[in-house]
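Novice: upload_31.tsv (TSV, C-alpha atoms) pasted underneath:
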```tsv
chain	number	residue	atom	x	y	z
A	183	MET	CA	5.48	11.77	-24.77
A	184	SER	CA	2.36	10.82	-22.76
A	185	LEU	CA	1.46	13.74	-20.51
A	186	ARG	CA	-0.74	13.08	-17.50
A	187	VAL	CA	-4.14	14.76	-17.36
A	188	LEU	CA	-6.70	14.87	-14.58
A	189	PRO	CA	-9.59	12.52	-15.44
A	190	MET	CA	-13.22	13.58	-15.34
A	191	TYR	CA	-15.52	11.56	-13.09
A	192	LYS	CA	-17.70	9.10	-14.99
A	193	GLN	CA	-20.35	6.73	-13.71
A	194	LEU	CA	-18.70	3.44	-14.69
A	195	ALA	CA	-18.23	0.03	-13.12
A	196	ASP	CA	-15.25	0.60	-10.81
A	197	PHE	CA	-12.18	-1.48	-11.58
A	198	SER	CA	-9.69	1.30	-10.88
A	199	SER	CA	-10.02	2.75	-7.37
A	200	ASN	CA	-8.19	1.61	-4.24
A	201	ASP	CA	-11.47	1.41	-2.30
A	202	TYR	CA	-11.17	-2.38	-2.06
A	203	LEU	CA	-13.76	-2.90	0.70
A	204	GLY	CA	-16.13	-0.11	-0.32
A	205	PHE	CA	-15.52	1.77	2.93
A	206	SER	CA	-15.25	5.20	1.30
A	207	GLY	CA	-18.99	5.25	0.63
A	208	ASN	CA	-20.08	3.21	3.63
A	209	ALA	CA	-23.06	4.90	5.31
A	210	SER	CA	-22.50	3.11	8.65
A	211	ILE	CA	-18.93	4.44	8.94
A	212	PHE	CA	-20.10	7.92	7.91
A	213	SER	CA	-22.86	7.98	10.54
A	214	ALA	CA	-20.66	6.47	13.26
A	215	THR	CA	-17.99	9.10	12.61
A	216	HIS	CA	-20.50	11.95	12.90
A	217	LYS	CA	-22.02	10.50	16.08
A	218	TYR	CA	-18.62	9.95	17.64
A	219	LEU	CA	-17.52	13.54	16.98
A	220	VAL	CA	-20.76	15.00	18.37
A	221	ASP	CA	-20.79	12.73	21.44
A	222	SER	CA	-17.12	13.54	22.11
A	223	SER	CA	-17.61	17.31	21.53
A	224	PHE	CA	-15.04	17.40	18.73
A	225	LEU	CA	-16.98	20.09	16.89
A	226	GLN	CA	-14.14	21.73	14.99
A	227	ASN	CA	-13.18	21.72	11.33
A	228	GLY	CA	-9.41	21.81	11.60
A	229	ALA	CA	-6.46	20.92	13.82
A	230	THR	CA	-5.25	24.58	14.00
A	231	GLY	CA	-1.55	23.75	13.68
A	232	SER	CA	1.12	21.07	13.60
A	233	ARG	CA	1.09	18.36	16.26
A	234	LEU	CA	4.08	19.94	17.97
A	235	LEU	CA	2.24	23.27	18.25
A	236	SER	CA	-1.54	23.25	18.73
A	237	GLY	CA	-2.77	20.34	16.59
A	238	ASN	CA	-2.17	17.31	18.85
A	239	HIS	CA	-5.83	16.86	19.86
A	240	ASN	CA	-6.91	13.91	22.00
A	241	LEU	CA	-8.08	11.81	19.06
A	242	TYR	CA	-4.46	11.23	18.06
A	243	ASP	CA	-3.69	9.37	21.26
A	244	GLU	CA	-6.84	7.27	20.94
A	245	LEU	CA	-6.18	6.38	17.33
A	246	GLU	CA	-2.48	5.60	17.75
A	247	SER	CA	-3.26	3.38	20.75
A	248	LYS	CA	-5.88	1.57	18.67
A	249	LEU	CA	-3.46	1.11	15.76
A	250	ALA	CA	-0.71	-0.25	18.00
A	251	LEU	CA	-3.12	-2.73	19.59
A	252	PHE	CA	-4.74	-3.82	16.32
A	253	HIS	CA	-1.41	-4.28	14.53
A	254	GLN	CA	0.42	-5.80	17.53
A	255	SER	CA	3.00	-3.03	17.55
A	256	LYS	CA	4.73	-1.27	20.43
A	257	ALA	CA	3.81	2.14	19.02
A	258	ALA	CA	2.20	3.93	16.08
A	259	ILE	CA	2.65	7.42	14.69
A	260	VAL	CA	0.08	8.90	12.30
A	261	TYR	CA	1.10	10.89	9.20
A	262	ASN	CA	-1.06	12.95	6.86
A	263	SER	CA	-0.55	10.55	3.92
A	264	GLY	CA	1.38	7.50	2.80
A	265	TYR	CA	3.69	9.77	0.82
A	266	ASP	CA	4.40	11.85	3.94
A	267	ALA	CA	5.07	8.70	5.97
A	268	ASN	CA	7.54	7.25	3.49
A	269	ILE	CA	9.52	10.41	2.83
A	270	GLY	CA	9.38	11.16	6.57
A	271	PHE	CA	10.85	7.80	7.50
A	272	PHE	CA	13.44	7.27	4.79
A	273	SER	CA	14.74	10.84	4.74
A	274	CYS	CA	15.76	10.76	8.41
A	275	VAL	CA	16.14	7.21	9.77
A	276	PRO	CA	18.96	5.87	7.52
A	277	GLN	CA	22.08	7.92	8.33
A	278	ARG	CA	25.27	8.84	6.49
A	279	GLY	CA	27.28	5.64	6.10
A	280	ASP	CA	24.19	3.43	6.36
A	281	LEU	CA	22.97	1.29	3.47
A	282	VAL	CA	19.45	0.86	2.07
A	283	PHE	CA	18.69	-2.13	-0.14
A	284	TYR	CA	15.33	-1.77	-1.86
A	285	ASP	CA	13.24	-3.75	-4.34
A	286	GLU	CA	13.57	-2.27	-7.83
A	287	TYR	CA	9.75	-1.90	-8.04
A	288	ILE	CA	9.43	-0.06	-4.74
A	289	HIS	CA	6.91	2.81	-4.59
A	290	ALA	CA	7.94	6.28	-5.77
A	291	SER	CA	7.35	7.76	-2.30
A	292	ILE	CA	9.97	5.42	-0.83
A	293	ARG	CA	12.42	6.25	-3.61
A	294	ASP	CA	11.88	9.95	-2.94
A	295	GLY	CA	12.50	9.47	0.77
A	296	ILE	CA	15.68	7.49	0.13
A	297	ALA	CA	16.90	10.19	-2.26
A	298	MET	CA	16.48	12.76	0.52
A	299	SER	CA	18.58	10.78	2.99
A	300	ASN	CA	22.38	10.70	3.36
A	301	ALA	CA	22.54	6.91	3.18
A	302	LYS	CA	23.77	4.97	0.16
A	303	ALA	CA	21.06	2.98	-1.60
A	304	TYR	CA	21.13	-0.02	-3.93
A	305	LYS	CA	18.25	-1.80	-5.62
A	306	PHE	CA	17.82	-5.55	-5.90
A	307	LYS	CA	15.86	-7.42	-8.55
A	308	HIS	CA	12.12	-7.59	-7.96
A	309	ASN	CA	11.20	-10.16	-5.28
A	310	ASN	CA	14.63	-11.76	-5.77
A	311	ILE	CA	16.13	-12.81	-2.44
A	312	ALA	CA	19.21	-14.29	-4.11
A	313	ASP	CA	20.02	-10.88	-5.59
A	314	LEU	CA	19.48	-9.28	-2.17
A	315	GLU	CA	21.87	-11.84	-0.64
A	316	ASN	CA	24.48	-10.96	-3.27
A	317	LEU	CA	24.11	-7.25	-2.43
A	318	VAL	CA	24.56	-7.92	1.29
A	319	GLU	CA	27.59	-10.14	0.68
A	320	ARG	CA	29.15	-7.56	-1.64
A	321	HIS	CA	28.88	-4.81	0.98
A	322	THR	CA	29.61	-6.85	4.12
A	323	ALA	CA	33.15	-5.53	4.54
A	324	ALA	CA	32.09	-1.88	4.29
A	325	VAL	CA	29.30	-2.43	6.79
A	326	LYS	CA	31.64	-4.03	9.33
A	327	ASP	CA	34.33	-1.38	8.88
A	328	ASN	CA	31.90	1.52	9.37
A	329	ASN	CA	29.57	-0.15	11.87
A	330	SER	CA	26.77	0.84	9.48
A	331	ALA	CA	23.11	0.04	9.78
A	332	VAL	CA	21.56	-1.78	6.82
A	333	TYR	CA	17.89	-1.43	5.86
A	334	VAL	CA	16.04	-3.83	3.57
A	335	VAL	CA	12.85	-2.38	2.08
A	336	THR	CA	9.98	-4.05	0.26
A	337	GLU	CA	6.20	-3.95	-0.11
A	338	SER	CA	3.93	-6.76	1.02
A	339	VAL	CA	1.76	-6.15	-2.06
A	340	PHE	CA	3.26	-4.18	-4.94
A	341	SER	CA	0.99	-1.47	-6.27
A	342	MET	CA	1.80	-1.85	-9.96
A	343	ASP	CA	2.00	-5.67	-10.09
A	344	GLY	CA	-0.23	-6.85	-7.25
A	345	ASP	CA	2.30	-9.55	-6.38
A	346	SER	CA	4.10	-10.23	-3.10
A	347	PRO	CA	7.65	-11.18	-2.09
A	348	HIS	CA	8.54	-14.20	0.04
A	349	LEU	CA	8.13	-12.07	3.15
A	350	LYS	CA	8.94	-14.79	5.68
A	351	GLU	CA	12.12	-15.85	3.90
A	352	MET	CA	13.19	-12.23	3.57
A	353	ALA	CA	12.40	-11.49	7.22
A	354	LEU	CA	14.41	-14.49	8.44
A	355	PHE	CA	17.32	-13.50	6.20
A	356	CYS	CA	17.28	-10.00	7.71
A	357	LYS	CA	17.20	-11.44	11.23
A	358	GLU	CA	20.12	-13.74	10.50
A	359	HIS	CA	22.25	-10.89	9.13
A	360	LYS	CA	21.04	-8.26	11.65
A	361	LEU	CA	19.44	-6.06	8.99
A	362	PHE	CA	16.56	-3.68	9.63
A	363	PHE	CA	13.53	-4.96	7.71
A	364	VAL	CA	10.99	-2.34	6.57
A	365	VAL	CA	7.70	-3.27	4.88
A	366	ASP	CA	5.13	-1.03	3.18
A	367	GLU	CA	1.67	-2.58	3.69
A	368	ALA	CA	-0.40	0.01	1.81
A	369	HIS	CA	-2.19	-2.52	-0.41
A	370	ALA	CA	-2.35	-5.38	2.13
A	371	VAL	CA	-4.15	-3.81	5.12
A	372	GLY	CA	-7.85	-4.63	4.94
A	373	VAL	CA	-7.23	-7.26	2.27
A	374	PHE	CA	-5.13	-9.91	4.04
A	375	GLY	CA	-5.31	-11.29	7.57
A	376	SER	CA	-8.22	-12.69	9.59
A	377	LYS	CA	-9.32	-9.13	10.46
A	378	GLY	CA	-7.61	-7.30	7.60
A	379	GLU	CA	-4.40	-6.73	9.57
A	380	GLY	CA	-2.16	-7.22	6.53
A	381	LEU	CA	0.37	-9.80	5.42
A	382	VAL	CA	2.98	-9.08	8.10
A	383	GLN	CA	0.57	-10.21	10.81
A	384	GLN	CA	-1.01	-12.94	8.73
A	385	LEU	CA	2.45	-14.50	8.39
A	386	GLN	CA	3.28	-13.77	12.07
A	387	LEU	CA	6.30	-11.64	11.21
A	388	THR	CA	5.61	-8.61	13.40
A	389	ASP	CA	8.59	-9.24	15.69
A	390	LEU	CA	10.92	-9.54	12.67
A	391	VAL	CA	9.96	-6.18	11.15
A	392	PHE	CA	11.72	-3.00	12.29
A	393	ALA	CA	9.01	-0.74	10.87
A	394	HIS	CA	6.01	-1.15	8.68
A	395	ILE	CA	4.01	1.52	6.97
A	396	ILE	CA	0.23	1.30	6.69
A	397	THR	CA	-2.09	3.64	4.82
A	398	PHE	CA	-5.77	4.44	5.22
A	399	GLY	CA	-6.55	5.67	1.70
A	400	LYS	CA	-6.88	2.20	0.20
A	401	ALA	CA	-9.02	-0.52	1.81
A	402	LEU	CA	-9.88	1.67	4.83
A	403	GLY	CA	-11.55	4.16	2.48
A	404	CYS	CA	-10.36	7.37	4.15
A	405	HIS	CA	-7.05	9.26	4.34
A	406	GLY	CA	-3.72	9.27	6.17
A	407	ALA	CA	-1.07	6.75	7.14
A	408	ALA	CA	0.93	5.45	10.08
A	409	ILE	CA	4.34	4.02	10.83
A	410	LEU	CA	4.36	1.09	13.26
A	411	GLY	CA	7.41	0.20	15.32
A	412	SER	CA	9.07	0.72	18.68
A	413	GLU	CA	8.54	3.58	21.11
A	414	GLU	CA	12.13	4.64	20.36
A	415	LEU	CA	11.39	4.83	16.65
A	416	LYS	CA	8.26	6.91	17.30
A	417	SER	CA	10.19	9.33	19.51
A	418	TYR	CA	12.91	9.66	16.87
A	419	LEU	CA	10.37	10.43	14.14
A	420	VAL	CA	8.62	13.04	16.31
A	421	ASN	CA	11.97	14.79	16.65
A	422	PHE	CA	13.54	14.40	13.21
A	423	SER	CA	10.91	13.51	10.58
A	424	ARG	CA	10.37	16.75	8.68
A	425	SER	CA	7.13	15.70	6.94
A	426	PHE	CA	5.71	15.06	10.42
A	427	ILE	CA	7.09	18.16	12.14
A	428	TYR	CA	6.43	20.85	9.56
A	429	THR	CA	2.81	20.27	8.54
A	430	THR	CA	-0.64	21.01	9.91
A	431	ALA	CA	-2.08	18.02	11.75
A	432	LEU	CA	-5.08	16.10	10.43
A	433	ALA	CA	-8.49	17.43	11.44
A	434	PRO	CA	-10.49	15.53	14.10
A	435	HIS	CA	-12.94	14.34	11.44
A	436	SER	CA	-10.13	12.59	9.52
A	437	LEU	CA	-8.93	10.72	12.60
A	438	ALA	CA	-12.45	9.83	13.69
A	439	THR	CA	-13.12	8.34	10.24
A	440	ILE	CA	-9.98	6.20	10.47
A	441	LEU	CA	-10.96	5.05	13.96
A	442	GLN	CA	-14.51	4.13	12.92
A	443	SER	CA	-13.20	2.35	9.83
A	444	TYR	CA	-11.10	0.12	12.08
A	445	TYR	CA	-14.09	-0.60	14.32
A	446	PHE	CA	-16.13	-1.49	11.24
A	447	LEU	CA	-13.29	-3.68	9.94
A	448	GLU	CA	-13.53	-5.73	13.14
A	449	SER	CA	-17.31	-6.05	12.98
A	450	LYS	CA	-19.38	-8.82	11.38
A	451	GLU	CA	-20.27	-6.45	8.53
A	452	GLY	CA	-16.58	-5.76	7.97
A	453	LYS	CA	-15.80	-9.45	7.75
A	454	VAL	CA	-18.60	-9.82	5.18
A	455	GLN	CA	-16.96	-7.12	3.03
A	456	GLN	CA	-13.59	-8.83	3.31
A	457	GLN	CA	-15.13	-12.13	2.22
A	458	LEU	CA	-16.91	-10.46	-0.73
A	459	LEU	CA	-13.55	-9.02	-1.82
A	460	GLN	CA	-11.84	-12.40	-1.61
A	461	ASN	CA	-14.68	-13.94	-3.61
A	462	ALA	CA	-14.30	-11.23	-6.26
A	463	VAL	CA	-10.57	-12.03	-6.56
A	464	LYS	CA	-11.34	-15.77	-6.95
A	465	VAL	CA	-14.04	-15.13	-9.58
A	466	PHE	CA	-11.77	-12.77	-11.52
A	467	LYS	CA	-8.85	-15.22	-11.59
A	468	SER	CA	-11.19	-18.05	-12.59
A	469	LYS	CA	-12.66	-16.03	-15.48
A	470	VAL	CA	-9.19	-15.03	-16.65
A	471	GLU	CA	-8.17	-18.68	-16.76
A	472	SER	CA	-11.34	-19.91	-18.48
A	473	SER	CA	-10.97	-17.12	-21.08
A	474	LYS	CA	-7.41	-18.31	-21.82
A	475	LEU	CA	-5.95	-14.92	-20.82
A	476	LYS	CA	-3.81	-16.17	-17.94
A	477	GLN	CA	-0.55	-15.78	-19.87
A	478	HIS	CA	-1.21	-12.02	-20.11
A	479	PHE	CA	-1.60	-11.55	-16.33
A	480	ILE	CA	0.96	-11.17	-13.56
A	481	THR	CA	0.45	-13.83	-10.88
A	482	SER	CA	-1.31	-12.21	-7.92
A	483	ASN	CA	-3.61	-13.20	-5.06
A	484	SER	CA	-4.30	-9.60	-4.11
A	485	ALA	CA	-7.01	-7.14	-5.14
A	486	ILE	CA	-4.67	-5.86	-7.88
A	487	GLN	CA	-4.68	-7.90	-11.09
A	488	CYS	CA	-2.54	-6.65	-13.98
A	489	CYS	CA	-2.83	-7.52	-17.66
A	490	LEU	CA	0.38	-6.82	-19.59
A	491	ILE	CA	-0.23	-5.14	-22.95
A	492	SER	CA	2.94	-3.82	-24.55
A	493	GLY	CA	2.94	-0.28	-25.90
A	494	ASN	CA	1.41	2.92	-24.55
A	495	ASN	CA	-0.86	3.45	-27.55
A	496	ARG	CA	-2.22	-0.09	-27.55
A	497	VAL	CA	-2.93	-0.26	-23.82
A	498	LYS	CA	-4.60	3.17	-23.92
A	499	SER	CA	-6.72	2.04	-26.86
A	500	ILE	CA	-7.97	-1.07	-25.04
A	501	ALA	CA	-8.63	0.94	-21.85
A	502	LYS	CA	-10.73	3.32	-23.97
A	503	LYS	CA	-12.72	0.42	-25.42
A	504	LEU	CA	-13.38	-0.94	-21.94
A	505	GLU	CA	-14.60	2.53	-20.92
A	506	GLU	CA	-16.96	2.63	-23.89
A	507	ASN	CA	-18.40	-0.65	-22.60
A	508	GLY	CA	-18.98	0.83	-19.14
A	509	PHE	CA	-15.82	-0.16	-17.25
A	510	ASN	CA	-13.29	2.08	-15.53
A	511	VAL	CA	-9.95	0.28	-15.91
A	512	LYS	CA	-6.74	2.30	-15.85
A	513	ALA	CA	-3.95	1.95	-18.36
A	514	ILE	CA	-0.53	2.15	-16.68
A	515	LEU	CA	1.96	3.60	-19.12
A	516	SER	CA	5.73	3.78	-19.38
A	517	PRO	CA	7.73	5.34	-17.80
A	518	THR	CA	5.55	4.67	-14.71
A	519	VAL	CA	6.29	1.02	-15.53
A	520	PRO	CA	9.20	-0.21	-17.68
A	521	LYS	CA	8.81	0.14	-21.45
A	522	GLY	CA	7.26	-3.01	-22.88
A	523	GLU	CA	5.50	-3.77	-19.58
A	524	GLU	CA	2.59	-1.36	-19.99
A	525	ARG	CA	-0.58	-2.79	-18.53
A	526	LEU	CA	-4.22	-2.60	-17.62
A	527	ARG	CA	-4.50	-2.48	-13.83
A	528	PHE	CA	-7.69	-4.09	-12.55
A	529	CYS	CA	-8.52	-3.19	-8.94
A	530	LEU	CA	-11.14	-5.49	-7.44
A	531	HIS	CA	-13.66	-4.56	-4.78
A	532	ALA	CA	-16.19	-6.09	-2.44
A	533	TYR	CA	-18.90	-4.47	-4.58
A	534	ASN	CA	-17.78	-5.87	-7.96
A	535	THR	CA	-20.40	-8.49	-8.82
A	536	PRO	CA	-19.63	-11.79	-10.59
A	537	LYS	CA	-21.72	-10.53	-13.52
A	538	GLU	CA	-19.60	-7.35	-13.82
A	539	ILE	CA	-16.40	-9.38	-13.60
A	540	GLU	CA	-17.51	-11.86	-16.25
A	541	LYS	CA	-18.52	-9.06	-18.60
A	542	VAL	CA	-15.29	-7.05	-18.23
A	543	ILE	CA	-13.19	-10.18	-18.89
A	544	THR	CA	-15.34	-10.99	-21.95
A	545	VAL	CA	-14.83	-7.48	-23.34
A	546	LEU	CA	-11.09	-7.65	-22.60
A	547	HIS	CA	-10.87	-11.03	-24.34
A	548	ASN	CA	-12.55	-9.64	-27.45
A	549	TYR	CA	-10.16	-6.68	-27.81
A	550	ILE	CA	-6.89	-8.14	-26.58
A	551	ARG	CA	-6.99	-10.88	-29.23
A	552	GLU	CA	-7.66	-8.50	-32.11
```
Would it be possible to restate this file's structure as structure tokens?
Specialist:
Amino acid sequence: MSLRVLPMYKQLADFSSNDYLGFSGNASIFSATHKYLVDSSFLQNGATGSRLLSGNHNLYDELESKLALFHQSKAAIVYNSGYDANIGFFSCVPQRGDLVFYDEYIHASIRDGIAMSNAKAYKFKHNNIADLENLVERHTAAVKDNNSAVYVVTESVFSMDGDSPHLKEMALFCKEHKLFFVVDEAHAVGVFGSKGEGLVQQLQLTDLVFAHIITFGKALGCHGAAILGSEELKSYLVNFSRSFIYTTALAPHSLATILQSYYFLESKEGKVQQQLLQNAVKVFKSKVESSKLKQHFITSNSAIQCCLISGNNRVKSIAKKLEENGFNVKAILSPTVPKGEERLRFCLHAYNTPKEIEKVITVLHNYIRE
């Protein structure tokens, strides 16, 4: 058994965090947040209660309006975390008699939310639309008889593989069969799109998606999440989503940081960071190929690049050797991933230099071929 332990902070080259654009340590965002709070007289440390009691301060309306505009959505509702958003949505939106079809590699928070609902759920093979079609066909009669709603759930970038489904094909399939398409964009926002909007907008699929979940703890460098969708969906969640109703609201500082991160994302400096990240991804993939390691990696164009190394002990050993050489790269062990598919998960950032990338691939090459 491999028990989890809390890691100690070490000053290493970062190939493990979700801070893809380097926003978490960005001095401009920090200063802008402080100035905004002072100028707006939001000089308080906490929200004082849930949003339905005393915590619905004015910053919520400003942020949710900004999110809806930026992501071309009718409405947005902010949650305290991506986990809260996913369990809040999936525990209450699908009803008894409804069906949820989800990718077998879907995030644990979505699985937990589905488990809390009264709907029946079935998984389809990873990024396999043919298997999804078979599931829909198999359950067509039951859906018609019960007038059930059917939800199809995927991620635009999968957190443990870094790959993406054929989102457009899946969205059109859902439209054709009148299925509710739900997309988690946690690892796409800030990384894809002309302004970092995510893959749903980059592929112009907003009108085909019933709801999509975005988080702020990855490329936006702060904390929290939001569900984007219709005004009706937002109203329903305010009334029935327990992880929204029964928790203290986020403090003004948290919301101001999210807001300023979005403003920075739209700025020239933000676009520079996005371009640096894309360059880092290109350099990494190029070095992997030139080092003849491509067969070990899952195909991905995202900031997440995964090297498959079978066996918990072996992947932990190589991660330790990378650490000894100055690199923070996390080993992902089974049962977090299927046995035999253990891996090193490289997270790339705007601040990873070509020299760092070349060196970490060289070290990996030396140890993986032992």
Novice: If we count all atoms listed in the file and set the cut-off at 9 Å, which residues sit around region 261-271 of chain A, ignoring sequence neighbours fewer than 4 positions away in its own chain? Please answer as a ChimeraX atom specification.
Specialist: /A:275-276,290-298,366,368,395-399,405-409,419,422-426,429-432
Novice: I'd like to know which of A:Asn310, A:Thr336, A:Gln384, A:Ser492 is closest to Val364 (chain A), using all atoms listed in the file.
Specialist: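 Smallest separation from Val364 (chain A) among the options: A:Thr336.
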Novice: Counting only C-alpha atoms, which residue out of A:Arg525, A:Lys541, A:Lys302, A:Lys256 sits closest to Phe392 (chain A)?
Specialist: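 Under the stated criterion, the closest residue is A:Lys256.
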Novice: For Phe212 (chain A), which residue among A:Leu459, A:Ala301, A:Ala323, A:Leu441 is the nearest when counting all atoms listed in the file?
Specialist: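 Looking only at the distances to Phe212 (chain A), the closest residue turns out to be A:Leu441.
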Novice: Name the closest residue to Ile514 (chain A) among the candidates A:Gln456, A:Ser255, A:Ser468, A:Ser341; distances are taken between atoms, counting only C-alpha atoms.
Specialist: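 Residue with the minimum atom-to-atom distance to Ile514 (chain A): A:Ser341.
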Novice: Take CA of Val511 (chain A) and CA of Gly493 (chain A) and report the distance between them in Å, one decimal.
Specialist: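 Those two atoms sit 16.3 Å apart.
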Novice: Which residue gives the smallest distance to Thr481 (chain A) among A:Phe446, A:Phe306, A:Phe355, A:Phe340, with only C-alpha atoms counted?
Specialist: A:Phe340
Novice: So which one's closest to Lys326 (chain A), A:Phe224, A:Leu185, A:Pro517, A:Leu281? Using all atoms listed in the file, please.
Specialist: A:Leu281
Novice: Residues near region 498-508 of chain A, anyone? I mean within 7 Å using all atoms listed in the file, not counting same-chain ones fewer than 4 positions away, as an NGL selection string.
Specialist: :A and (194-195 or 494 or 512-513 or 545 or 549)
Novice: Write a file of the selected residues as a compact mmCIF listing (two decimals), in the frame of the given file, keeping C-alpha atoms.
Specialist:
```txt
# COMPACT_ATOMS: atom_id res chain seq x y z
CA LEU A 194 -18.70 3.44 -14.69
CA ALA A 195 -18.23 0.03 -13.12
CA ASN A 494 1.41 2.92 -24.55
CA LYS A 512 -6.74 2.30 -15.85
CA ALA A 513 -3.95 1.95 -18.36
CA VAL A 545 -14.83 -7.48 -23.34
CA TYR A 549 -10.16 -6.68 -27.81
```
Novice: Return as JSON the box centre and box size in Å, one decimal, for an axis-aligned box around all listed atoms of region 214-226 of chain A padded by 3 Å per side.
Specialist:
```
{"center_x": -18.1, "center_y": 14.1, "center_z": 17.4, "size_x": 13.9, "size_y": 21.3, "size_z": 15.5}
```
Novice: In Å, how far is it from CA of Leu249 (chain A) to CA of Glu448 (chain A)?
Specialist: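 Atom-to-atom, CA of Leu249 (chain A) to CA of Glu448 (chain A), that is 12.5 Å.
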Novice: Rounded to one decimal in Å, what is the spacing between CA of Gly378 (chain A) and CA of Glu414 (chain A)?
Specialist: 26.4 Å
